[in-house]
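S.K.: Below you will find the structure I want to go over with you.
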Amino acid sequence: MTAPDPVGAWHRLAETSVLLDGFHALKHAVRFGAGIPVAVTVDRGATLALADELAPDVRDTLDALLAEVPEPTYRSLVPRPHPTTVAALAVRPSRAANLEKLAHTPRTAPVVVLDNPRNLGNAGAVIRLAAGFGATGVVTTGTLDPWHPTVVRGGAGLHFATAVERLTVDELPSGPVFALDPEGDDIRGTKLPDDAVLAFGSERSGLSAGLRARADHWVALPMRPQVSSYNLATSVAMTLYHWSATGGASAGAY
Ligand SMILES: C[S@@+](CC[C@H](N)C(=O)[O-])C[C@H]1O[C@@H](n2cnc3c(N)ncnc32)[C@H](O)[C@@H]1O
C-alpha cells in the first residue's frame with residue numbers, strides 16, 4: 001500500500017533499508033518477495049506504462065506501492081537517480097534468515113563464496129549471476145559489505161533472490177569446498193555437486209590461507225598458458241554454467 005507520508009517514511013527508513021534505484025531493481029525485488037515499505041516515482045503514469053511493457057506481473061503491486069513526488073523532492077531522496085526515476089526502500093533480510101537458507105539441507109544448488117572481494121561491481125555481478133542460476137547464496141568474507149548500495153545497484157535488485165551474507169571462513173556453510181584456482185584440475189573433468197561450496201579468491205591476491213586450508217578440491221577454468229587469470233565475476237559465471245550444464249539440479253530449480 002502507498003505510504004501515507006512517503007517522504008517522511010523515506011527519511012525515517014533510509015538509513016536502515018536497502019535502496020532499490022531504478023525500475024529493474026524494484027521489479028526484481030518485488031518478484032522475489034522483498035518487503036517494500038515505500039516506493040517513489042517522478043511520474044507514476046510513466047512507471048506503470050513501463051511495467052505494462054516490461055513486467056506486467058508486477059504492475060498491480062507497483063500500482064499499490066507507488067507515490068508520485070516532485071522531481072526536486074525525488075532528487076533530494078535519491079543521490080544518483082537512475083534514468084527511470086523510480087526508487088524504493090526495501091527491508092534487508094535478517095542475518096538469521098540468511099543463515100537458515102544457507103544451512104538448509106539437502107542443498108539443491110551451490111553456495112558461492114567470494115573470499116575477501118575488493119570490487120563492489122564484481123560482487124554485484126556475482127549476486128546477479130547467482131540469482132540467475134538459482135544458487136543457494138553468495139557469501140563474502142572480509143570487509144566488503146555485500147549489501148553496500150553499489151553492490152545492490154550492480155545486482156539489479158536480485159539480492160532478494162538468493163541468500164547474501166558476510167561470514168568468516170569458520171562460519172561457511174557445510175558441503176564440499178571447491179577452490180577455484182588456475183593451478184587446480186581442469187573443471188571439465190569434474191562434476192560439481194549441488195551441495196558444493198564454490199570458493200573464489202580476491203581480485204588482488206587469490207584465495208586466502210584460511211580458505212585454502214578448507215578446500216576439499218581444486219579446480220581450474222580452461223585458460224591459455226600465457227594468461228594468468230580471469231576476472232572474478234566471469235570466473236563465477238563459467239563455474240555456475242559448468243554446474244548447470246553438467247546436470248546441476250538447477251534444471252529443475254527454475
Ligand atoms: C582475478 S582472479 C585473482 C588473481 C590474483 N592476482 C591471484 O593471485 O590469484 C580472482 C579469482 O578468480 C578465480 N579465477 C580466475 N581465473 C581462474 C582460472 N583460470 N581457474 C580457476 N579460477 C580462476 C580464482 O578463484 C581467483 O582467485
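Residues are referred to by chain and number: the chain letter is A, B, ... according to the order shown in the C-alpha cells, the number counts from 1 in that chain, and ligands are numbered separately from 1 in the order shown.
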Enumerate as a ChimeraX atom specification the residues within 10 Å of ligand 1, counting only C-alpha atoms and all ligand atoms.

M.R.: /A:113-117,178-187,198-208,218-225,227-236,238-239

S.K.: Counting only C-alpha atoms, which residues of stretch 50-167 of chain A sit at most 12 Å from some atom of stretch 9-22 of chain A, and what is each one's closest atom pair with its distance in Å to one decimal, listed by chain and rising residue number, as CSV?

M.R.:
residue,atom,partner,partner_atom,distance
A:Leu50,CA,A:Gly22,CA,11.3
A:Ala67,CA,A:Trp10,CA,11.2
A:Val69,CA,A:Trp10,CA,11.7
A:Thr73,CA,A:Trp10,CA,11.1
A:Tyr74,CA,A:Trp10,CA,10.5
A:Arg75,CA,A:Asp21,CA,11.7
A:Ser76,CA,A:His11,CA,10.3
A:Leu77,CA,A:Trp10,CA,7.5
A:Val78,CA,A:Asp21,CA,7.8
A:Pro79,CA,A:Asp21,CA,9.7
A:Arg80,CA,A:Asp21,CA,8.5
A:Pro81,CA,A:Asp21,CA,6.9
A:His82,CA,A:Gly22,CA,5.1
A:Pro83,CA,A:Gly22,CA,7.2
A:Thr84,CA,A:Gly22,CA,5.5
A:Thr85,CA,A:Gly22,CA,6.2
A:Val86,CA,A:Gly22,CA,5.1
A:Ala87,CA,A:Asp21,CA,4.5
A:Ala88,CA,A:Leu20,CA,5.0
A:Leu89,CA,A:Leu19,CA,4.9
A:Ala90,CA,A:Val18,CA,5.0
A:Val91,CA,A:Ser17,CA,5.4
A:Arg92,CA,A:Val18,CA,6.0
A:Pro93,CA,A:Val18,CA,9.7
A:Ser94,CA,A:Ser17,CA,11.5
A:Pro146,CA,A:Val18,CA,11.3
A:Trp147,CA,A:Val18,CA,7.5
A:His148,CA,A:Val18,CA,8.5
A:Pro149,CA,A:Leu19,CA,6.6
A:Thr150,CA,A:Leu19,CA,9.6
A:Val151,CA,A:Leu19,CA,10.6
A:Val152,CA,A:Leu20,CA,7.5
A:Arg153,CA,A:Asp21,CA,6.9
A:Gly154,CA,A:Asp21,CA,10.4
A:Gly155,CA,A:Leu20,CA,10.2
A:Ala156,CA,A:Leu20,CA,8.2
A:Gly157,CA,A:Leu20,CA,6.4
A:Leu158,CA,A:Leu20,CA,10.1
A:His159,CA,A:Val18,CA,9.8
A:Phe160,CA,A:Val18,CA,10.5

S.K.: Quick one: of A:Val112, A:Met1, A:Ala34, A:Ala245, who's nearest to A:Arg188, counting only C-alpha atoms?

M.R.: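 Nearest to A:Arg188: A:Ala245.
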
S.K.: Give me, as a ChimeraX atom specification, all polymer residues having an atom no more than 9 Å from A:Pro193, counting only C-alpha atoms and skipping those fewer than 2 positions away in the same chain.

M.R.: /A:108-110,176,191,195-196,243,247-249

S.K.: Produce a file of the selected residues containing N, CA and C atoms, as a PDB file, in the first residue's frame.

M.R.:
ATOM      1  N   THR A 108      20.077 -27.829  -2.798  1.00  0.00           N
ATOM      2  CA  THR A 108      19.763 -28.169  -4.195  1.00  0.00           C
ATOM      3  C   THR A 108      20.594 -27.364  -5.194  1.00  0.00           C
ATOM      4  N   ALA A 109      21.386 -26.432  -4.697  1.00  0.00           N
ATOM      5  CA  ALA A 109      22.222 -25.627  -5.598  1.00  0.00           C
ATOM      6  C   ALA A 109      23.400 -25.078  -4.785  1.00  0.00           C
ATOM      7  N   PRO A 110      24.547 -24.863  -5.440  1.00  0.00           N
ATOM      8  CA  PRO A 110      25.749 -24.460  -4.693  1.00  0.00           C
ATOM      9  C   PRO A 110      25.635 -23.105  -4.002  1.00  0.00           C
ATOM     10  N   PRO A 176      31.085 -29.869   0.447  1.00  0.00           N
ATOM     11  CA  PRO A 176      32.453 -29.946  -0.076  1.00  0.00           C
ATOM     12  C   PRO A 176      32.901 -28.620  -0.671  1.00  0.00           C
ATOM     13  N   LYS A 191      32.443 -33.058 -11.964  1.00  0.00           N
ATOM     14  CA  LYS A 191      31.024 -32.727 -11.826  1.00  0.00           C
ATOM     15  C   LYS A 191      30.851 -32.037 -10.473  1.00  0.00           C
ATOM     16  N   ASP A 195      25.483 -29.577  -3.574  1.00  0.00           N
ATOM     17  CA  ASP A 195      25.788 -29.000  -2.249  1.00  0.00           C
ATOM     18  C   ASP A 195      27.188 -28.393  -2.198  1.00  0.00           C
ATOM     19  N   ALA A 196      27.781 -28.150  -3.376  1.00  0.00           N
ATOM     20  CA  ALA A 196      29.147 -27.609  -3.408  1.00  0.00           C
ATOM     21  C   ALA A 196      29.199 -26.207  -2.812  1.00  0.00           C
ATOM     22  N   TRP A 243      28.354 -26.034 -13.657  1.00  0.00           N
ATOM     23  CA  TRP A 243      27.489 -26.799 -12.746  1.00  0.00           C
ATOM     24  C   TRP A 243      26.136 -27.100 -13.417  1.00  0.00           C
ATOM     25  N   GLY A 247      24.481 -31.194 -15.328  1.00  0.00           N
ATOM     26  CA  GLY A 247      23.434 -31.898 -14.579  1.00  0.00           C
ATOM     27  C   GLY A 247      23.086 -31.279 -13.257  1.00  0.00           C
ATOM     28  N   GLY A 248      23.538 -30.045 -13.000  1.00  0.00           N
ATOM     29  CA  GLY A 248      23.159 -29.356 -11.757  1.00  0.00           C
ATOM     30  C   GLY A 248      21.647 -29.354 -11.610  1.00  0.00           C
ATOM     31  N   ALA A 249      21.205 -29.425 -10.377  1.00  0.00           N
ATOM     32  CA  ALA A 249      19.769 -29.538 -10.141  1.00  0.00           C
ATOM     33  C   ALA A 249      19.005 -28.336 -10.636  1.00  0.00           C
TER      34      ALA A 249
END

S.K.: At what distance in Å, to one decimal, does atom CA of A:Lys101 lie from atom CA of A:Phe23?

M.R.: 27.1 Å

S.K.: Considering only helix (DSSP H, G or I) as DSSP defines it on the backbone, what residues of stretch 30-156 of chain A qualify? List them as a ChimeraX atom specification.

M.R.: /A:30-31,44-54,56-65,71-77,95-103,120-133,149-154

S.K.: Name the residues of stretch 83-231 of chain A that come out as strand (DSSP E) in a backbone DSSP run; write them as number ranges by chain.

M.R.: A: 86-90, 111-115, 137-141, 163-166, 177-186, 197-200, 217-220

S.K.: Give me, as an MDAnalysis selection string, all polymer residues having an atom no more than 10 Å from A:Ala3, counting only C-alpha atoms and skipping those fewer than 4 positions away in the same chain.

M.R.: chainID A and resid 7:10 36:40 64:67

S.K.: For A:Arg95, which of A:Leu62, A:Val164, A:Val177, A:Ala130 is the closest residue, counting only C-alpha atoms?

M.R.: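 Between A:Leu62, A:Val164, A:Val177, A:Ala130, the residue approaching A:Arg95 most closely is A:Val164.
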
S.K.: State, in Å with one decimal place, the distance from atom CA of A:Thr140 to atom CA of A:Lys27.

M.R.: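 The value is 25.0 Å.
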
S.K.: Would you mind reading off the distance between atom CA of A:Leu26 and atom CA of A:Pro6, one decimal, in Å?

M.R.: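 Taking atom CA of A:Leu26 and atom CA of A:Pro6, their separation equals 16.1 Å.
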
S.K.: A:Val197, A:Thr136, A:Val169, A:Glu68: which is nearest A:Ala209, counting only C-alpha atoms?

M.R.: A:Val169
